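Peer 1: Would you mind keeping the following structure in view while I ask a few things?
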Amino acid sequence: MTGSNPVESNRSTHSPTSSLDLRIGEEQLNLLERLTNACAVSGDEGEVRTIVLESVRSLPTVSEVRVDALGSVLVTCRGSAPERMRVMVAAHMDEVGLMITSSADDGFFRFDKVGGLDERQLAGKQVLVGKDHIPGVIGAKPIHLSQSEERKRAISIESMRIDVGPESAGRVKVGNWATFATKFTRIGDSIRAKALDDRLGVATLIELIRHAPPEVDLLAAFTVQEEVGLRGAQAAAYALDPQVAVVLDCTPANDLPPWDAGDEYSSENIRYNTRLDCGPALYVADRSTLTDPRLLRHFIQVASRSNIPYQIRQPGGGGTDAGSIHTQRAGIPAISISVPGRYLHTAASIARIQDWENTLRLVHAGLTELKPDLLAQSRQ
Amino acid sequence: MDRYCADVSSSHRKHMQKPDLQSLLKDLISVSGISGHEASVRRLIEDAWQPITNQLLSSRLGSLHGLVRGSGPEPRQSLLLAAHMDAIGFMVARITDGFIHLQAVGGIDPRVLPGQLVTVHGREDIPGLIVQPAAHLLPPKTGSGVVPLEHLLVDTGLRAEKVAELVRVGDLVSFAQPPFQMGSDLLAGHSLDNRASVAALTVCLHELRGRSLAWDVWAAATVQEEVTLFGAATSAFELRPSLAVAIDVTFGSGPGSPDHQTYPLGQCVTLGWGPNIHPALFESFKRLADELEIPWKMETLPVHSGTDAIRMQVASGGVPTMVVGIPLRYMHTPVEVVSLKDIQRAGRLLAEFAARLDADYLPKLEASFDPGSDNRA
């Protein structure tokens with residue numbers, strides 16, 4: 001044991017948890033419910049930040065908490081092993097959403113997208129606007145008044161309005177953010193909520209902090225502005241100066257049947273990206289990052305040894321905070337590990353509790369077994 | 001429904017408290033009641049009407065008939081006030097690997113469907129989500145544009161085996177967004193077409209409490225309007241009213257809707273005008289609205305009204321009909337918006353009309369088409 005700082009004396013009262021004992025129970029689901037029902041569009045992460053600070057501040061595992069210049073929450077959990085790696089684990093607090101772009105006395109406000117949203121997902125939705133969560137709806141012309149030709153064209157965002165009614169019109173201002181009003185629901189083994197991307201990552205990271213493995217220095221970053229260009233992670237990675245980084249995100253599971261499923265010569269869904277029920281998704285490559293092969297090998301070995309199911313995310317597009325973290329300073333080897341989720345960036349997404357639990361276990365086990373000599377290995 | 005056949009004493013009627021319109025309407029849109037399957041909403045309406053009517057009956061098709069008995073000499077004339085209680089929705093068309101394909105019940109624009117919460121009414125009620133599969137899982141060229149209903153799916157979050165156990169082809173699927181209050185006067189939600197009018201009819205029945213009526217007044221919550229209009233057709237045949245009024249929602253002004261076809265929310269009720277409307281009945285409503293200082297606008301209906309009035313007009317030898325409209329934004333979407341003020345106004349107008357009917361009214365109305373007849377009072 002090295003040194004004797006006050007944190008380590010704290011830690012002596014806190015017995016490390018075995019990764020396989022970690023569970024997603026009522027407490028974790030309640031936290032996820034609060035996190036997903038909170039409104040935190042990129043640039044306006046305050047509500048989630050408040051929950052994060054509240055959740056981690058008084059934990060015995062935590063050595064230091066600060067909020068950086070962009071609004072990211074940086075939490076240090078110093079380990080106690082003699083040789084420890086400095087590991088950054090990041091999850092973004094922000095979600096895609098909308099911003100009011102013009103004033104409207106009649107209560108019909110123009111708006112624009114914040115982050116990657118499919119405009120076809122907007123019509124007919126309930127939304128919450130601004131800090132006071134003013135209720136509004138995005139309507140659509142009645143089918144009775146539209147021509148069939150018109151209904152073959154998607155409704156453009158320019159023609160849509162957020163309608164809050166005349167009474168609330170004065171309380172909505174240009175620049176206010178808005179999000180879908182969908183509330184968290186549990187259905188069997190699944191959870192359905194808005195913003196599972198990336199509140200699942202945030203909730204996982206809070207659990208990791210609660211059960212911080214003493215084998216590493218855990219540098220947790222709850223980042224801002226991921227959905228608009230991985231910005232918070234850039235500043236956080238520089239400040240934390242880790243040796244390696246693990247990014248926790250939520251990645252699309254496009255594991256749906258193709259349109260002609262059941263036909264004699266039906267096509268096959270070979271581009272599913274990830275699948276529900278197959279465990280955490282390990283990234284090999286996405287649009288902005290080539291995963292460090294040593295980290296990938298490490299997590300695969302840990303998963304195999306611990307009998308934790310995992311899947312390799314199909315290489316391709318998409319991106320996570322790893323994209324900006326791994327190029328910070330002189331380079332930071334990084335890997336992304338995601339909970340698979342369906343219908344991300346829409347009003348409601350669906351994920352499995354079991355996949356989330358396995359993600360938590362795998363990341364925890366991976367951190368526990370992380371040795372500084374990993375980086376001495378050859379990258380190949 | 002037998003249990004409601006018994007007369008309800010009029011003293012009981014007088015002591016009923018006026019319900020909070022907002023909570024009544026929220027209740028009414030928190031149940032499904034898709035065309036042809038209105039039982040869930042009918043039960044709620046029975047509960048609301050039971051204390052404020054003398055008799056409640058169900059038609060053979062399932063429409064609910066509530067009578068407020070008049071005190072004029074027999075045979076009494078009768079007024080039918082009809083608001084349809086059914087709503088648009090879906091049926092399960094087929095199931096693939098636990099994902100449900102939908103068939104629409106009523107007119108629904110598929111562009112408002114991706115990302116909508118629904119309830120699948122299987123062996124038990126299951127929450128579901130309408131989803132738009134990724135482009136590469138759709139037929140060529142479909143992926144980037146409007147995805148038609150046949151390619152949208154419902155994901156329940158349950159595994160395929162569980163879905164197979166709980167859901168069958170033909171099961172109903174209804175919108176499930178909770179009611180959404182926008183300020184003190186506006187309410188957003190699904191099925192406000194036409195639960196808003198059912199609420200107006202309920203307001204009317206409350207207004208009629210304790211008032212002496214010359215005519216019998218039948219309030220009807222009709223079935224199947226969105227698909228066949230047959231609820232109104234059969235109710236009008238069975239009740240053979242002297243006059244019939246359809247209460248339905250009409251197009252509210254809002255983004256994307258042309259001004260000349262729409263009416264501002266919170267500012268008026270509409271009075272229908274056209275071949276589906278008896279001109280003398282229109283005149284009566286118009287004069288009454290002016291007298292009561294209820295703001296109104298004429299809704300021009302050059303061909304027909306698109307309401308229960310179409311069928312009621314030609315039922316059992318013909319019935320003079322009228323249409324009273326409540327403006328509603330984003331009709332047939334899950335975020336329909338309506339003003340409680342307008343509902344209150346419509347209910348009051350209907351009640352005042354019913355209360356002022358006397359023995360002379362019908363002869364005068366009939367004479368309006370034939371000024372030389374002896375019917376003139």
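Residue names in the structure tokens use chain letters A, B, ... in the order shown, residue numbers from 1 in each chain, and ligand numbers from 1 in the order shown.
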Report as number ranges by chain all protein, DNA and RNA residues lying within 12 Å of Gly106 of chain B, evaluated on only C-alpha atoms, omitting residues in the same chain fewer than 6 positions from it.

Peer 2: A: 143-144; B: 34-36, 86-91, 174, 191, 193, 224-229, 331-333

Peer 1: Residues of chain A within 6 Å of chain B, counting only C-alpha atoms - could you list those as number ranges by chain?

Peer 2: A: 121, 123-124, 135, 139-143, 152, 154, 167, 190, 258-259, 347

Peer 1: What is the atom CA of Arg69 of chain B to atom CA of Ser235 of chain B distance in Å?

Peer 2: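 About the pair atom CA of Arg69 of chain B and atom CA of Ser235 of chain B: they are 17.3 Å apart.
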
Peer 1: Excluding Ala285 of chain A and any residue of its chain fewer than 6 positions from it, enumerate the residues within 10 Å of it, using only C-alpha atoms, and give them as a PyMOL selection string.

Peer 2: chain A and resi 291-292+312-319+335-336

Peer 1: Using only N, CA and C atoms, please write the residues we just selected to a file, as an mmCIF file, in the first residue's frame.

Peer 2:
data_model
loop_
_atom_site.group_PDB
_atom_site.id
_atom_site.type_symbol
_atom_site.label_atom_id
_atom_site.label_comp_id
_atom_site.auth_asym_id
_atom_site.auth_seq_id
_atom_site.Cartn_x
_atom_site.Cartn_y
_atom_site.Cartn_z
ATOM 1 N N THR A 291 -10.705 1.325 -32.105
ATOM 2 C CA THR A 291 -10.483 0.942 -30.709
ATOM 3 C C THR A 291 -9.055 0.425 -30.513
ATOM 4 N N ASP A 292 -8.471 0.774 -29.385
ATOM 5 C CA ASP A 292 -7.151 0.245 -29.054
ATOM 6 C C ASP A 292 -7.272 -1.270 -28.890
ATOM 7 N N ILE A 312 -19.775 -8.008 -30.297
ATOM 8 C CA ILE A 312 -18.972 -7.011 -30.992
ATOM 9 C C ILE A 312 -19.928 -6.193 -31.849
ATOM 10 N N ARG A 313 -19.906 -4.899 -31.626
ATOM 11 C CA ARG A 313 -20.752 -4.021 -32.447
ATOM 12 C C ARG A 313 -20.260 -4.074 -33.884
ATOM 13 N N GLN A 314 -21.184 -4.199 -34.828
ATOM 14 C CA GLN A 314 -20.753 -4.240 -36.226
ATOM 15 C C GLN A 314 -20.010 -2.942 -36.548
ATOM 16 N N PRO A 315 -18.799 -3.061 -37.124
ATOM 17 C CA PRO A 315 -18.019 -1.853 -37.389
ATOM 18 C C PRO A 315 -18.764 -0.961 -38.379
ATOM 19 N N GLY A 316 -18.610 0.316 -38.248
ATOM 20 C CA GLY A 316 -19.280 1.215 -39.187
ATOM 21 C C GLY A 316 -19.422 2.601 -38.628
ATOM 22 N N GLY A 317 -20.545 3.230 -38.944
ATOM 23 C CA GLY A 317 -20.761 4.637 -38.582
ATOM 24 C C GLY A 317 -21.015 4.829 -37.108
ATOM 25 N N GLY A 318 -21.521 5.991 -36.793
ATOM 26 C CA GLY A 318 -21.793 6.316 -35.395
ATOM 27 C C GLY A 318 -20.519 6.728 -34.698
ATOM 28 N N GLY A 319 -20.651 7.219 -33.487
ATOM 29 C CA GLY A 319 -19.458 7.648 -32.761
ATOM 30 C C GLY A 319 -19.800 7.922 -31.322
ATOM 31 N N ILE A 335 -11.600 2.698 -25.608
ATOM 32 C CA ILE A 335 -12.572 1.727 -26.104
ATOM 33 C C ILE A 335 -13.968 2.227 -25.711
ATOM 34 N N SER A 336 -14.947 1.916 -26.564
ATOM 35 C CA SER A 336 -16.335 2.225 -26.203
ATOM 36 C C SER A 336 -17.063 0.930 -25.924
#

Peer 1: Would you kindly return, as a PyMOL selection string, each protein, DNA or RNA residue with an atom no farther than 9 Å from any atom of His84 of chain B, considering only C-alpha atoms and excluding same-chain residues fewer than 5 positions away?

Peer 2: chain B and resi 63+193-195+197-198+220-226+229+231-232+246-248+307-308

Peer 1: Excluding segment 239-252 of chain A and residues on its chain fewer than 4 positions from it, collect all residues at most 9 Å away from it, counting only C-alpha atoms, and give them as an NGL selection string.

Peer 2: :A and (68 or 74 or 76 or 85-92 or 196-202 or 204-205 or 219-221 or 234-235 or 272-275 or 281 or 295 or 313 or 318 or 320-322 or 325-326 or 328-329 or 331-344 or 359 or 363 or 372 or 375)

Peer 1: Would you give me, as an mmCIF file with C-alpha atoms, in the first residue's frame, the residues in segment 225-330 of chain A that DSSP reads as helix (DSSP H, G or I)?

Peer 2:
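Final output, saved to out_16.cif:
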data_model
loop_
_atom_site.group_PDB
_atom_site.id
_atom_site.type_symbol
_atom_site.label_atom_id
_atom_site.label_comp_id
_atom_site.auth_asym_id
_atom_site.auth_seq_id
_atom_site.Cartn_x
_atom_site.Cartn_y
_atom_site.Cartn_z
ATOM 1 C CA ARG A 231 -17.141 18.586 -27.007
ATOM 2 C CA GLY A 232 -17.328 18.011 -23.274
ATOM 3 C CA ALA A 233 -15.203 14.868 -23.516
ATOM 4 C CA GLN A 234 -12.450 16.777 -25.285
ATOM 5 C CA ALA A 235 -11.944 19.186 -22.408
ATOM 6 C CA ALA A 236 -12.478 16.481 -19.790
ATOM 7 C CA ALA A 237 -9.915 14.105 -21.260
ATOM 8 C CA TYR A 238 -7.329 16.875 -21.376
ATOM 9 C CA ALA A 239 -7.988 17.825 -17.774
ATOM 10 C CA LEU A 240 -8.066 14.285 -16.385
ATOM 11 C CA PRO A 293 -6.711 -3.516 -29.674
ATOM 12 C CA ARG A 294 -5.152 -4.093 -26.233
ATOM 13 C CA LEU A 295 -8.210 -2.723 -24.505
ATOM 14 C CA LEU A 296 -10.505 -4.714 -26.774
ATOM 15 C CA ARG A 297 -8.563 -7.930 -26.037
ATOM 16 C CA HIS A 298 -8.607 -7.142 -22.350
ATOM 17 C CA PHE A 299 -12.369 -6.739 -22.150
ATOM 18 C CA ILE A 300 -13.034 -9.812 -24.309
ATOM 19 C CA GLN A 301 -10.754 -11.886 -22.059
ATOM 20 C CA VAL A 302 -12.391 -10.553 -18.922
ATOM 21 C CA ALA A 303 -15.862 -11.284 -20.343
ATOM 22 C CA SER A 304 -14.841 -14.836 -21.271
ATOM 23 C CA ARG A 305 -13.217 -15.518 -17.910
ATOM 24 C CA SER A 306 -16.169 -14.115 -15.969
ATOM 25 C CA ALA A 322 -14.007 8.108 -27.553
ATOM 26 C CA GLY A 323 -13.702 9.975 -30.849
ATOM 27 C CA SER A 324 -12.487 13.091 -29.103
ATOM 28 C CA ILE A 325 -10.867 11.453 -26.075
#

Peer 1: Quick one, how far is atom CA of Asn176 of chain A from atom CA of Arg66 of chain A?

Peer 2: 26.3 Å

Peer 1: Could you pull out all residues of segment 24-201 of chain B with a DSSP call of strand (DSSP E) and give them as a ChimeraX atom specification?

Peer 2: /B:55-58,64-68,78-84,89-96,99-105,117-121,125-131,153-155,172-175,180-182,186-189

Peer 1: Go ahead and save the picked residues with C-alpha atoms, as a PDB file, in the first residue's frame.

Peer 2:
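Output saved as result30.pdb:
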ATOM      1  CA  GLN B  55     -83.240   6.316 -18.141  1.00  0.00           C
ATOM      2  CA  LEU B  56     -80.170   4.797 -19.749  1.00  0.00           C
ATOM      3  CA  LEU B  57     -80.400   2.220 -22.511  1.00  0.00           C
ATOM      4  CA  SER B  58     -77.997   0.616 -24.879  1.00  0.00           C
ATOM      5  CA  LEU B  64     -75.723   4.638 -25.241  1.00  0.00           C
ATOM      6  CA  HIS B  65     -79.092   6.410 -25.030  1.00  0.00           C
ATOM      7  CA  GLY B  66     -79.819   8.647 -22.039  1.00  0.00           C
ATOM      8  CA  LEU B  67     -83.283  10.103 -21.610  1.00  0.00           C
ATOM      9  CA  VAL B  68     -84.173  13.341 -19.849  1.00  0.00           C
ATOM     10  CA  SER B  78     -88.209  14.483 -28.807  1.00  0.00           C
ATOM     11  CA  LEU B  79     -84.806  15.949 -29.469  1.00  0.00           C
ATOM     12  CA  LEU B  80     -81.818  13.688 -30.166  1.00  0.00           C
ATOM     13  CA  LEU B  81     -78.405  15.058 -29.262  1.00  0.00           C
ATOM     14  CA  ALA B  82     -75.768  12.716 -30.656  1.00  0.00           C
ATOM     15  CA  ALA B  83     -72.017  12.656 -30.109  1.00  0.00           C
ATOM     16  CA  HIS B  84     -70.026   9.660 -31.254  1.00  0.00           C
ATOM     17  CA  GLY B  89     -57.063   3.263 -33.734  1.00  0.00           C
ATOM     18  CA  PHE B  90     -55.597   0.061 -35.079  1.00  0.00           C
ATOM     19  CA  MET B  91     -55.933  -3.688 -35.241  1.00  0.00           C
ATOM     20  CA  VAL B  92     -53.180  -6.276 -35.234  1.00  0.00           C
ATOM     21  CA  ALA B  93     -52.760  -7.338 -38.880  1.00  0.00           C
ATOM     22  CA  ARG B  94     -49.968  -9.897 -38.392  1.00  0.00           C
ATOM     23  CA  ILE B  95     -47.009 -10.634 -36.161  1.00  0.00           C
ATOM     24  CA  THR B  96     -43.416 -11.221 -37.272  1.00  0.00           C
ATOM     25  CA  PHE B  99     -43.150  -7.369 -33.905  1.00  0.00           C
ATOM     26  CA  ILE B 100     -46.736  -6.376 -34.623  1.00  0.00           C
ATOM     27  CA  HIS B 101     -48.001  -5.075 -37.966  1.00  0.00           C
ATOM     28  CA  LEU B 102     -50.986  -2.745 -37.871  1.00  0.00           C
ATOM     29  CA  GLN B 103     -54.152  -2.163 -39.798  1.00  0.00           C
ATOM     30  CA  ALA B 104     -55.784   1.256 -39.303  1.00  0.00           C
ATOM     31  CA  VAL B 105     -59.324   1.648 -37.985  1.00  0.00           C
ATOM     32  CA  LEU B 117     -46.962   5.061 -27.569  1.00  0.00           C
ATOM     33  CA  VAL B 118     -49.814   2.581 -27.919  1.00  0.00           C
ATOM     34  CA  THR B 119     -51.594  -0.055 -25.873  1.00  0.00           C
ATOM     35  CA  VAL B 120     -51.951  -3.491 -27.409  1.00  0.00           C
ATOM     36  CA  HIS B 121     -55.198  -4.981 -26.121  1.00  0.00           C
ATOM     37  CA  ASP B 125     -53.144  -4.753 -22.017  1.00  0.00           C
ATOM     38  CA  ILE B 126     -49.517  -4.367 -23.098  1.00  0.00           C
ATOM     39  CA  PRO B 127     -47.679  -1.074 -23.584  1.00  0.00           C
ATOM     40  CA  GLY B 128     -46.240  -0.786 -27.082  1.00  0.00           C
ATOM     41  CA  LEU B 129     -44.340   1.636 -29.262  1.00  0.00           C
ATOM     42  CA  ILE B 130     -44.876   2.255 -32.989  1.00  0.00           C
ATOM     43  CA  VAL B 131     -41.483   2.149 -34.653  1.00  0.00           C
ATOM     44  CA  LEU B 153     -44.101  -2.085 -36.483  1.00  0.00           C
ATOM     45  CA  VAL B 154     -45.134  -2.167 -32.851  1.00  0.00           C
ATOM     46  CA  ASP B 155     -42.415  -3.152 -30.386  1.00  0.00           C
ATOM     47  CA  LEU B 172     -57.052  -3.831 -30.953  1.00  0.00           C
ATOM     48  CA  VAL B 173     -54.236  -1.329 -30.600  1.00  0.00           C
ATOM     49  CA  SER B 174     -55.028   2.130 -29.262  1.00  0.00           C
ATOM     50  CA  PHE B 175     -53.064   5.337 -28.764  1.00  0.00           C
ATOM     51  CA  PHE B 180     -51.494  16.631 -21.603  1.00  0.00           C
ATOM     52  CA  GLN B 181     -52.697  19.884 -20.111  1.00  0.00           C
ATOM     53  CA  MET B 182     -51.533  23.062 -21.852  1.00  0.00           C
ATOM     54  CA  LEU B 186     -56.321  23.694 -23.519  1.00  0.00           C
ATOM     55  CA  LEU B 187     -56.092  19.940 -23.296  1.00  0.00           C
ATOM     56  CA  ALA B 188     -54.047  17.792 -25.677  1.00  0.00           C
ATOM     57  CA  GLY B 189     -54.420  14.084 -26.251  1.00  0.00           C
TER      58      GLY B 189
END

Peer 1: Could you tell me how far atom CA of Arg161 of chain A sits from atom CA of Arg110 of chain A, in Å to one decimal place?

Peer 2: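 A separation of 5.0 Å between them.
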
Peer 1: Using only C-alpha atoms, which residue out of A:Glu357, A:Glu119, A:Asp105, A:Asp132 lies closest to Arg153 of chain A?

Peer 2: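 Of all the options, A:Glu119 lies closest to Arg153 of chain A.
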
Peer 1: Which residues are near Thr50 of chain A? Cut-off 12 Å, only C-alpha atoms, ignore same chain within fewer than 3 positions. Put them as a list in words.

Peer 2: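 Neighbouring residues, sequence-local ones excluded: Arg34, Leu35, Ala38, Cys39, Ala40, Asp44, Glu45, Gly46, Glu47, Leu53, Glu54, Ser55, Val56, Arg57, Val67, Gly71, Ser72, Val73, Met93 and Phe222 of chain A.
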
Peer 1: Would you kindly return, as a PyMOL selection string, each protein, DNA or RNA residue with an atom no farther than 12 Å from any atom of Pro302 of chain B, considering only C-alpha atoms and excluding same-chain residues fewer than 3 positions away?

Peer 2: chain B and resi 261+272-277+298-299+305-306
